[in-house]
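These notes are about the structure you will find just below.
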Number of protein chains: 2
Amino acid sequence: MVPWLCVKPAITIEDVQRAATRIADHVQKTPLLEPDDLQSPGAPRLWLKAECLQRGGAFKVRGAFNAVLAGLERGDRRDLLAVSSGNHAQAVALAARETGLKATIIMPEDSAPLKRAATARYGAEVIYRGITGLTREATARRLADERGLRLIHPFNDPEVMAGQGTLALELLDQVEALGGPPTAVLTPVGGGGLISGVAVVVKARWPTVRVIGVEPALADDAARSLAAGHIVALTETPNTIADGVRTLQIGEHTWSVIQPLVDEILTVSEEEILLATWQLWTRARLLAEPTGALPVAAMLTPRLAQHWTRDPTGKVVCVVSGGNADPVALAAGFGDARARDLAW
Amino acid sequence: MVPWLCVKPAITIEDVQRAATRIADHVQKTPLLEPDDLQSPGAPRLWLKAECLQRGGAFKVRGAFNAVLAGLERGDRRDLLAVSSGNHAQAVALAARETGLKATIIMPEDSAPLKRAATARYGAEVIYRGITGLTREATARRLADERGLRLIHPFNDPEVMAGQGTLALELLDQVEALGGPPTAVLTPVGGGGLISGVAVVVKARWPTVRVIGVEPALADDAARSLAAGHIVALTETPNTIADGVRTLQIGEHTWSVIQPLVDEILTVSEEEILLATWQLWTRARLLAEPTGALPVAAMLTPRLAQHWTRDPTGKVVCVVSGGNADPVALAAGFGDARARDLAW
């Protein structure tokens, strides 16, 4: 047995409440949807918190705005730097534009053209030529030093985590429509920024509501960390279609919340992720990205059905975390999912 | 000059208000969204009424439920029949299931497998083998007689029209978020059920707000009808990608509203429809079907920019009428749209 110390969680619900006030004018309240065509008999009602309809197409703007605005409150007017191949890049670019700062974003050369285009559209300088997964951290450190930039971490930052938690505060308000608290709230897990913010809020208000993380089986470091009682890192970047959760490990700050407050981490296969993405597109008419479909994959796969049928009269909220997908790139992979879904 | 008579509009706002009460428990209030990434400098703010998030994936359930429930109020307990290759089929199937009636739906053999699957999932009997565009009306009449079924017309029925108008009543409530009435409301036009319901409400409350229909240039019968002052029919089914508006002509009931109340009909090319669909998917993260993208196509195409820049401080509401598209089938057509959108 490796002994472990109980560390103080990096954030509290009060941090999230302050974040909500701070970012209110910059983020959208996203709808909570109950799509008919995704309900299954004998399973709990499925509700979607549609963060794919958030500004920038993902929950990431919540954390980015909170970090940037909190910095400005402290008098930190440095321009911004982020290392991200995806939604965090767009979020930091948007936060910079609206606060009068400049954003420099380092993306790997093989990042999705659609995400690069969106980031540039928000006015950021995108550096990607010659950048690989191995060189981008060094490039970031060099640029931060040379240009005096503030690096906004995508998850392992208490201000970012508190910002992400604001979606759960919205959920508290919206959940009256469900006739009482849900039995569980499911979110994707990558570095843990989203689930830590959500867990802090949900457990403060509804201690018995289960907070469940979902990750690809190919990137199961969070599940292994929770089982081991300490952070377990992957040794190489996982090749999952859920490109928002290709992180190697949870952060120390996010772990300080995840370890005591997250009830469970479920893992899903690539096939299950693609089918859930297809079903979100064609049955909920939301253009979720595969990462955003992780919770729905866990709810809808027959493999985990017993997990939910224990409580068939309950309600489960799945956070659809983002919607920045390239439909043309994904369509090729939908062949099997489409065929299985049409077999009637 | 062909003389024409002013006929009494087939419905009034009071019909729509009664419909709203009748169908309240069966339809969802759909969100009004203001997607950042679809706004253009110098153009009015673009708002989306996201009917693609409606039950059954389109506004059609509003009209179907109103017709079926109004029938039941009159004591008409006949089972239901609909002729439709698309969203009306799903809507009637859903309305039947929830009112304890049986639905028979006649679809052409070449209808989209995804729409047949969805209709069958709602419990309807789907008849499609051997059915063509030419034989389906005759098959419908025969079945209605033989089985004593009630035919629910997809648009030319005052109860259906009043039901569709309920989305505009929602809009009246939601529009406070816009800080006052919009300058225009845009909807697709096929048979005219949607635009007639919307026009009756909008013009009753906001007489100066423009109600504008949008149709494919390949199916410009409504534009030609408005110009001619009488219903002009197409001679053959238009081969537009906007498969929800392949109707040959407006109905007499819908015309009775469209002729006096609709300000203008704009037409868009197939290329413009595909680009708008792509932009709704990737910038608003809504899986709109091409028909649902018609209003956005009119707003975003540079060809019609002068139409909007007259009033750059205004707000325009585009009704995204439906989201029943097959992503795999559409992806092939997105090549050009994607390339143009990525050229940065």
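Please note that chains go A, B, ... in the order of the structure tokens, that every chain numbers its residues from 1, and that ligands are numbered from 1 in the order shown.
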
Excluding same-chain residues fewer than 5 positions from B:Arg246, what lies within 7 Å of it counting only C-alpha atoms, as a compact mmCIF listing (two decimals) with C-alpha atoms, in the first residue's frame?
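Generated output (part_38.txt):
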```
# COMPACT_ATOMS: atom_id res chain seq x y z
CA GLY B 190 -42.52 24.85 -48.51
CA ALA B 219 -38.29 25.58 -55.71
CA THR B 237 -40.75 17.96 -57.90
CA PRO B 238 -37.74 20.23 -57.46
```

### Task
Return the neighbours of chain A among the residues of chain B, cut-off 9 Å, counting only C-alpha atoms, as a ChimeraX atom specification.
/B:31,33,35-37,52-57,113-114,117-118,120-121,278,281-288,322-332,334-335,338,341-344

### Task
Considering only C-alpha atoms, return as an MDAnalysis selection string whatever protein or nucleic-acid residues lie within 6 Å of stretch 162-177 of chain B, sequence-local ones (same chain, fewer than 6 positions apart) excluded.
chainID B and resid 15:16 19:20 62:63 66 194 197:198

### Message
If you run DSSP on the backbone here, which positions in stretch 105-268 of chain B get alpha helix (DSSP H)? Please write them as a ChimeraX atom specification.
### Response
/B:113-121,136-147,158-174,193-205,221-228,252-261

### Task
Have a look at B:Ala10, B:Leu248, B:Leu81, B:Ala24 and name the one nearest to B:Val189; count only C-alpha atoms.
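Looking at the shortest contact to B:Val189, the residue is B:Leu248.
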
### Query
If we count only C-alpha atoms, what is near A:His253 at a cut-off of 10 Å, once residues fewer than 5 positions away on the same chain are taken out, given as a list of chain:residue names?
A:Val7, A:Lys8, A:Pro9, A:Ala10, A:Ile11, A:Phe155, A:Asn156, A:Asp157, A:Pro158, A:Met161, A:Gly191, A:Gly192, A:Gly193, A:Ser196, A:Ile258

Surrounding residues of B:Ile241 excluding itself and chain neighbours under 3 positions, 9 Å, only C-alpha atoms, as a PDB file with N, CA and C atoms, in the first residue's frame:
```
ATOM      1  N   PRO B 216     -35.547  27.519 -51.685  1.00  0.00           N
ATOM      2  CA  PRO B 216     -34.479  27.285 -52.656  1.00  0.00           C
ATOM      3  C   PRO B 216     -34.849  27.911 -54.004  1.00  0.00           C
ATOM      4  N   GLY B 244     -37.257  19.223 -47.245  1.00  0.00           N
ATOM      5  CA  GLY B 244     -38.501  19.542 -46.553  1.00  0.00           C
ATOM      6  C   GLY B 244     -39.382  20.515 -47.311  1.00  0.00           C
ATOM      7  N   ARG B 246     -39.878  20.415 -50.854  1.00  0.00           N
ATOM      8  CA  ARG B 246     -40.018  19.964 -52.240  1.00  0.00           C
ATOM      9  C   ARG B 246     -41.465  19.931 -52.692  1.00  0.00           C
ATOM     10  N   GLU B 270     -28.409  26.212 -54.102  1.00  0.00           N
ATOM     11  CA  GLU B 270     -28.064  24.969 -53.415  1.00  0.00           C
ATOM     12  C   GLU B 270     -26.737  25.115 -52.675  1.00  0.00           C
ATOM     13  N   ILE B 273     -27.269  27.009 -49.536  1.00  0.00           N
ATOM     14  CA  ILE B 273     -27.940  26.189 -48.515  1.00  0.00           C
ATOM     15  C   ILE B 273     -26.930  25.267 -47.829  1.00  0.00           C
ATOM     16  N   LEU B 274     -26.069  24.645 -48.627  1.00  0.00           N
ATOM     17  CA  LEU B 274     -25.071  23.732 -48.050  1.00  0.00           C
ATOM     18  C   LEU B 274     -24.091  24.473 -47.150  1.00  0.00           C
ATOM     19  N   PRO B 290     -30.815  20.706 -44.125  1.00  0.00           N
ATOM     20  CA  PRO B 290     -30.682  21.792 -45.102  1.00  0.00           C
ATOM     21  C   PRO B 290     -31.913  22.697 -45.162  1.00  0.00           C
ATOM     22  N   THR B 291     -33.106  22.123 -45.071  1.00  0.00           N
ATOM     23  CA  THR B 291     -34.309  22.954 -45.069  1.00  0.00           C
ATOM     24  C   THR B 291     -34.287  23.931 -43.899  1.00  0.00           C
TER      25      THR B 291
END
```

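For stretch 150-303 of chain B, the set of residues given strand (DSSP E or B) by DSSP on the backbone reads Arg150, Leu151, Ala184, Val185, Leu186, Thr187, Pro188, Arg210, Val211, Ile212, Gly213, Val214, Glu215, Pro216, Glu264, Ile265, Leu266, Thr267, Val268 and Leu286 of chain B.
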